[in-house]
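For reference, the structure discussed in these notes is given below.
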Amino acid sequence: MTLATTTKESKPSARIMFLKGLDDNGFVFYTNCESSKAEELSQNPQAAAVFWWPVLERQIRIEGSIDNLSDREADSYFKSRPRESSVGAWASQQSRVISSREVLEKRFRELGNIYKDREIPRPPYWLGYRLRPSSIEFWQRRPNRLHDRLRYRLVEGIRFAYLVYFVISIKLSRPSSISVTVIIPTRSR
Ligand SMILES: Cc1cc2nc3c(=O)[nH]c(=O)nc-3n(C[C@H](O)[C@H](O)[C@H](O)COP(=O)(O)O)c2cc1C
């Protein structure tokens, strides 16, 4: 997925991340908490994620707030990774400039020897995060640019009220289009 974050001055940045978990509470990913993205998330715990499947011509957009995963959850996932990836997590100082590739590979070899035949603990700076969605939009390409866009929003105050937005894209002239939004409350509990 593409994950977008911003600094507290609203400067955006985006990068590809592996989605490592999905449950009722949101979308889980793991990273180095000393990385640029983690620094941004500590300044502004809001993020957006995008998935795109070209073959299916489908997009999913997610926006929401960020929670930290518990140490227990992060430990459990870290243990499930291949040994080399775990050594790599110790060797890599993500988002930092290093003097050469050799420095990184030497560090990887040294740490590999240190942890040979030993369980590799999770580095204290290697954390899990959960994107807790407040909005999810499903986009499906349709002929003549009359695409489907179904957006589900968590509405504050109505608790778990869901609104389904049927968005009809009206093609005006190439390449621009406008969207007409019809709001239909479908479910509330
Ligand atoms: C396919 C793919 C998957 C990636 N998955 C992760 C990931 O799960 N966690 C991570 O920290 N970086 C991942 N990266 C690297 C990030 O895109 C990024 O380069 C790195 O996290 C540093 O980003 P930052 O400097 O903005 O913090 C992945 C890159 C690619 C291309």
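So you can find residues: chains in the structure tokens are A, B, ... in the order shown, residues in each start at 1, and ligands are numbered from 1 in order.
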
Pull the closest atom pair for each residue of segment 21-111 of chain A that gets at most 7 Å from segment 127-148 of chain A, along with the distance in Å to one decimal, counting only C-alpha atoms, ordering rows by chain and then ascending residue number, as a Markdown table.
```
| residue | atom | partner | partner_atom | distance |
| --- | --- | --- | --- | --- |
| A:Asn25 | CA | A:Arg132 | CA | 5.9 |
| A:Gly26 | CA | A:Arg132 | CA | 4.6 |
| A:Phe27 | CA | A:Leu131 | CA | 5.0 |
| A:Val28 | CA | A:Arg130 | CA | 4.5 |
| A:Phe29 | CA | A:Tyr129 | CA | 5.5 |
| A:Tyr30 | CA | A:Gly128 | CA | 4.3 |
| A:Thr31 | CA | A:Leu127 | CA | 5.7 |
| A:Asn32 | CA | A:Leu127 | CA | 6.2 |
| A:Cys33 | CA | A:Leu127 | CA | 6.1 |
| A:Glu57 | CA | A:Arg141 | CA | 5.5 |
| A:Arg58 | CA | A:Gln140 | CA | 4.7 |
| A:Gln59 | CA | A:Trp139 | CA | 5.0 |
| A:Ile60 | CA | A:Phe138 | CA | 4.8 |
| A:Arg61 | CA | A:Glu137 | CA | 5.1 |
| A:Ile62 | CA | A:Ile136 | CA | 4.6 |
| A:Glu63 | CA | A:Ser135 | CA | 5.3 |
| A:Gly64 | CA | A:Pro133 | CA | 4.2 |
| A:Ser65 | CA | A:Arg132 | CA | 5.3 |
| A:Ile66 | CA | A:Leu131 | CA | 4.7 |
| A:Asp67 | CA | A:Arg130 | CA | 5.1 |
| A:Asn68 | CA | A:Tyr129 | CA | 4.6 |
| A:Leu69 | CA | A:Gly128 | CA | 5.0 |
| A:Ala74 | CA | A:Gly128 | CA | 5.6 |
```

Output the selection as a PDB file, in the first residue's frame - N, CA and C atoms for each residue.
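Generated file (again-v6.pdb):
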```pdb
ATOM      1  N   ASN A  25     -10.136  -3.264  13.959  1.00  0.00           N
ATOM      2  CA  ASN A  25      -9.650  -1.954  14.410  1.00  0.00           C
ATOM      3  C   ASN A  25      -8.866  -1.212  13.342  1.00  0.00           C
ATOM      4  N   GLY A  26      -8.423  -1.903  12.311  1.00  0.00           N
ATOM      5  CA  GLY A  26      -7.716  -1.174  11.260  1.00  0.00           C
ATOM      6  C   GLY A  26      -6.637  -1.946  10.550  1.00  0.00           C
ATOM      7  N   PHE A  27      -5.719  -1.193   9.941  1.00  0.00           N
ATOM      8  CA  PHE A  27      -4.701  -1.701   9.018  1.00  0.00           C
ATOM      9  C   PHE A  27      -3.337  -1.599   9.683  1.00  0.00           C
ATOM     10  N   VAL A  28      -2.627  -2.726   9.759  1.00  0.00           N
ATOM     11  CA  VAL A  28      -1.399  -2.790  10.556  1.00  0.00           C
ATOM     12  C   VAL A  28      -0.160  -2.795   9.666  1.00  0.00           C
ATOM     13  N   PHE A  29       0.832  -2.007  10.057  1.00  0.00           N
ATOM     14  CA  PHE A  29       2.127  -2.042   9.375  1.00  0.00           C
ATOM     15  C   PHE A  29       3.226  -1.880  10.414  1.00  0.00           C
ATOM     16  N   TYR A  30       4.445  -2.223   9.999  1.00  0.00           N
ATOM     17  CA  TYR A  30       5.582  -2.175  10.924  1.00  0.00           C
ATOM     18  C   TYR A  30       6.682  -1.326  10.322  1.00  0.00           C
ATOM     19  N   THR A  31       7.377  -0.611  11.192  1.00  0.00           N
ATOM     20  CA  THR A  31       8.495   0.189  10.699  1.00  0.00           C
ATOM     21  C   THR A  31       9.420   0.577  11.842  1.00  0.00           C
ATOM     22  N   ASN A  32      10.502   1.235  11.447  1.00  0.00           N
ATOM     23  CA  ASN A  32      11.489   1.718  12.404  1.00  0.00           C
ATOM     24  C   ASN A  32      10.975   3.049  12.967  1.00  0.00           C
ATOM     25  N   CYS A  33      10.853   3.132  14.293  1.00  0.00           N
ATOM     26  CA  CYS A  33      10.251   4.343  14.856  1.00  0.00           C
ATOM     27  C   CYS A  33      11.203   5.535  14.802  1.00  0.00           C
ATOM     28  N   GLU A  57      -8.668  -3.002 -11.911  1.00  0.00           N
ATOM     29  CA  GLU A  57      -9.036  -1.580 -12.049  1.00  0.00           C
ATOM     30  C   GLU A  57      -9.808  -1.108 -10.817  1.00  0.00           C
ATOM     31  N   ARG A  58      -9.252  -1.461  -9.666  1.00  0.00           N
ATOM     32  CA  ARG A  58      -9.878  -1.087  -8.396  1.00  0.00           C
ATOM     33  C   ARG A  58      -8.899  -0.327  -7.519  1.00  0.00           C
ATOM     34  N   GLN A  59      -9.425   0.645  -6.821  1.00  0.00           N
ATOM     35  CA  GLN A  59      -8.621   1.404  -5.858  1.00  0.00           C
ATOM     36  C   GLN A  59      -9.362   1.426  -4.527  1.00  0.00           C
ATOM     37  N   ILE A  60      -8.578   1.355  -3.445  1.00  0.00           N
ATOM     38  CA  ILE A  60      -9.161   1.573  -2.119  1.00  0.00           C
ATOM     39  C   ILE A  60      -8.361   2.667  -1.424  1.00  0.00           C
ATOM     40  N   ARG A  61      -9.048   3.657  -0.912  1.00  0.00           N
ATOM     41  CA  ARG A  61      -8.405   4.771  -0.189  1.00  0.00           C
ATOM     42  C   ARG A  61      -8.873   4.751   1.262  1.00  0.00           C
ATOM     43  N   ILE A  62      -7.906   4.906   2.155  1.00  0.00           N
ATOM     44  CA  ILE A  62      -8.218   4.875   3.585  1.00  0.00           C
ATOM     45  C   ILE A  62      -7.629   6.119   4.239  1.00  0.00           C
ATOM     46  N   GLU A  63      -8.399   6.737   5.101  1.00  0.00           N
ATOM     47  CA  GLU A  63      -7.879   7.861   5.884  1.00  0.00           C
ATOM     48  C   GLU A  63      -8.228   7.609   7.344  1.00  0.00           C
ATOM     49  N   GLY A  64      -7.338   8.012   8.224  1.00  0.00           N
ATOM     50  CA  GLY A  64      -7.653   7.812   9.639  1.00  0.00           C
ATOM     51  C   GLY A  64      -6.543   8.220  10.563  1.00  0.00           C
ATOM     52  N   SER A  65      -6.687   7.782  11.795  1.00  0.00           N
ATOM     53  CA  SER A  65      -5.694   8.129  12.819  1.00  0.00           C
ATOM     54  C   SER A  65      -4.799   6.920  13.090  1.00  0.00           C
ATOM     55  N   ILE A  66      -3.680   7.190  13.728  1.00  0.00           N
ATOM     56  CA  ILE A  66      -2.672   6.147  13.946  1.00  0.00           C
ATOM     57  C   ILE A  66      -2.541   5.812  15.429  1.00  0.00           C
ATOM     58  N   ASP A  67      -2.574   4.513  15.718  1.00  0.00           N
ATOM     59  CA  ASP A  67      -2.294   4.013  17.074  1.00  0.00           C
ATOM     60  C   ASP A  67      -1.004   3.205  17.031  1.00  0.00           C
ATOM     61  N   ASN A  68      -0.317   3.164  18.163  1.00  0.00           N
ATOM     62  CA  ASN A  68       0.834   2.252  18.265  1.00  0.00           C
ATOM     63  C   ASN A  68       0.343   0.872  18.678  1.00  0.00           C
ATOM     64  N   LEU A  69       0.939  -0.163  18.112  1.00  0.00           N
ATOM     65  CA  LEU A  69       0.603  -1.519  18.538  1.00  0.00           C
ATOM     66  C   LEU A  69       1.289  -1.794  19.875  1.00  0.00           C
ATOM     67  N   ALA A  74       3.793  -6.515  18.551  1.00  0.00           N
ATOM     68  CA  ALA A  74       4.986  -6.314  17.717  1.00  0.00           C
ATOM     69  C   ALA A  74       5.960  -7.480  17.890  1.00  0.00           C
TER      70      ALA A  74
END
```

Can you pull out every residue with an atom within 9 Å of ligand 1? Use only C-alpha atoms and all ligand atoms and format it as an NGL selection string.
:A and (1-5 or 13-20 or 29-40 or 94-96 or 126)

May I have the residues within 12 Å of Phe78 of chain A as a JSON list (two decimals) with C-alpha atoms, in the first residue's frame, using only C-alpha atoms and disregarding those fewer than 5 positions away in the same chain?
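For reference, out-v3.json as written:
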```json
[["chain", "number", "residue", "atom", "x", "y", "z"],
["A", 20, "LYS", "CA", 0.84, -6.85, 7.67],
["A", 29, "PHE", "CA", 2.13, -2.04, 9.37],
["A", 30, "TYR", "CA", 5.58, -2.18, 10.92],
["A", 31, "THR", "CA", 8.50, 0.19, 10.70],
["A", 71, "ASP", "CA", 4.86, -4.58, 22.49],
["A", 72, "ARG", "CA", 3.22, -7.99, 22.67],
["A", 73, "GLU", "CA", 1.72, -7.65, 19.17],
["A", 83, "ARG", "CA", 15.95, -14.60, 10.51],
["A", 84, "GLU", "CA", 17.64, -12.52, 7.81],
["A", 85, "SER", "CA", 14.87, -9.90, 7.94],
["A", 86, "SER", "CA", 15.22, -9.71, 11.71],
["A", 87, "VAL", "CA", 19.00, -9.23, 11.46],
["A", 88, "GLY", "CA", 18.30, -6.63, 8.77],
["A", 89, "ALA", "CA", 16.02, -4.75, 11.17],
["A", 90, "TRP", "CA", 18.96, -4.49, 13.60],
["A", 119, "GLU", "CA", 16.75, -15.96, 19.29],
["A", 120, "ILE", "CA", 16.79, -12.50, 17.77],
["A", 121, "PRO", "CA", 14.99, -9.97, 19.99],
["A", 122, "ARG", "CA", 12.91, -7.20, 18.49],
["A", 123, "PRO", "CA", 14.90, -3.96, 18.27],
["A", 124, "PRO", "CA", 13.40, -1.41, 20.67],
["A", 126, "TRP", "CA", 11.05, -1.47, 15.58],
["A", 127, "LEU", "CA", 7.33, -0.88, 16.14],
["A", 128, "GLY", "CA", 3.91, -1.71, 14.81]]
```

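The space between atom CA of Ser80 of chain A and atom CA of Glu105 of chain A spans 22.8 Å.
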
Grab the atom CA of Tyr125 of chain A to atom CA of Ser92 of chain A distance for me, in Å with one decimal place.
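It comes out at 10.9 Å.
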
Where in chain A does DSSP assign helix (DSSP H, G or I), given as a ChimeraX atom specification?
/A:36-43,71-79,83-91,101-114,143-145

Requested write-out: C-alpha atoms of the selected residues, as an mmCIF file, in the first residue's frame:
```cif
data_model
loop_
_atom_site.group_PDB
_atom_site.id
_atom_site.type_symbol
_atom_site.label_atom_id
_atom_site.label_comp_id
_atom_site.auth_asym_id
_atom_site.auth_seq_id
_atom_site.Cartn_x
_atom_site.Cartn_y
_atom_site.Cartn_z
ATOM 1 C CA SER A 36 11.076 9.806 8.767
ATOM 2 C CA LYS A 37 7.534 8.436 8.532
ATOM 3 C CA ALA A 38 7.497 7.461 12.214
ATOM 4 C CA GLU A 39 8.847 10.867 13.163
ATOM 5 C CA GLU A 40 6.019 12.420 11.134
ATOM 6 C CA LEU A 41 3.448 10.144 12.741
ATOM 7 C CA SER A 42 4.644 11.183 16.179
ATOM 8 C CA GLN A 43 4.144 14.832 15.164
ATOM 9 C CA ASP A 71 4.862 -4.578 22.485
ATOM 10 C CA ARG A 72 3.216 -7.991 22.666
ATOM 11 C CA GLU A 73 1.720 -7.648 19.167
ATOM 12 C CA ALA A 74 4.986 -6.314 17.717
ATOM 13 C CA ASP A 75 7.018 -9.107 19.397
ATOM 14 C CA SER A 76 4.674 -11.728 18.064
ATOM 15 C CA TYR A 77 4.965 -10.477 14.476
ATOM 16 C CA PHE A 78 8.739 -9.942 14.741
ATOM 17 C CA LYS A 79 9.191 -13.595 15.791
ATOM 18 C CA ARG A 83 15.952 -14.601 10.505
ATOM 19 C CA GLU A 84 17.637 -12.524 7.808
ATOM 20 C CA SER A 85 14.873 -9.905 7.945
ATOM 21 C CA SER A 86 15.219 -9.712 11.709
ATOM 22 C CA VAL A 87 18.999 -9.231 11.456
ATOM 23 C CA GLY A 88 18.295 -6.627 8.773
ATOM 24 C CA ALA A 89 16.022 -4.746 11.170
ATOM 25 C CA TRP A 90 18.958 -4.489 13.602
ATOM 26 C CA ALA A 91 21.423 -3.550 10.869
ATOM 27 C CA ARG A 101 26.665 -0.093 1.079
ATOM 28 C CA GLU A 102 29.669 -1.990 2.495
ATOM 29 C CA VAL A 103 29.089 -0.416 5.913
ATOM 30 C CA LEU A 104 25.527 -1.755 5.931
ATOM 31 C CA GLU A 105 26.513 -5.220 4.721
ATOM 32 C CA LYS A 106 29.385 -5.447 7.240
ATOM 33 C CA ARG A 107 26.981 -4.538 10.039
ATOM 34 C CA PHE A 108 24.526 -7.174 8.765
ATOM 35 C CA ARG A 109 27.275 -9.859 8.812
ATOM 36 C CA GLU A 110 28.499 -8.862 12.283
ATOM 37 C CA LEU A 111 25.001 -8.917 13.738
ATOM 38 C CA GLY A 112 24.323 -12.222 11.992
ATOM 39 C CA ASN A 113 27.329 -13.670 13.870
ATOM 40 C CA ILE A 114 26.291 -12.132 17.185
ATOM 41 C CA PRO A 143 -17.002 2.440 -18.896
ATOM 42 C CA ASN A 144 -17.221 6.025 -20.126
ATOM 43 C CA ARG A 145 -15.644 7.327 -16.926
#
```

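Between atom CA of Thr6 of chain A and atom CA of Gln46 of chain A lies a distance of 7.9 Å.
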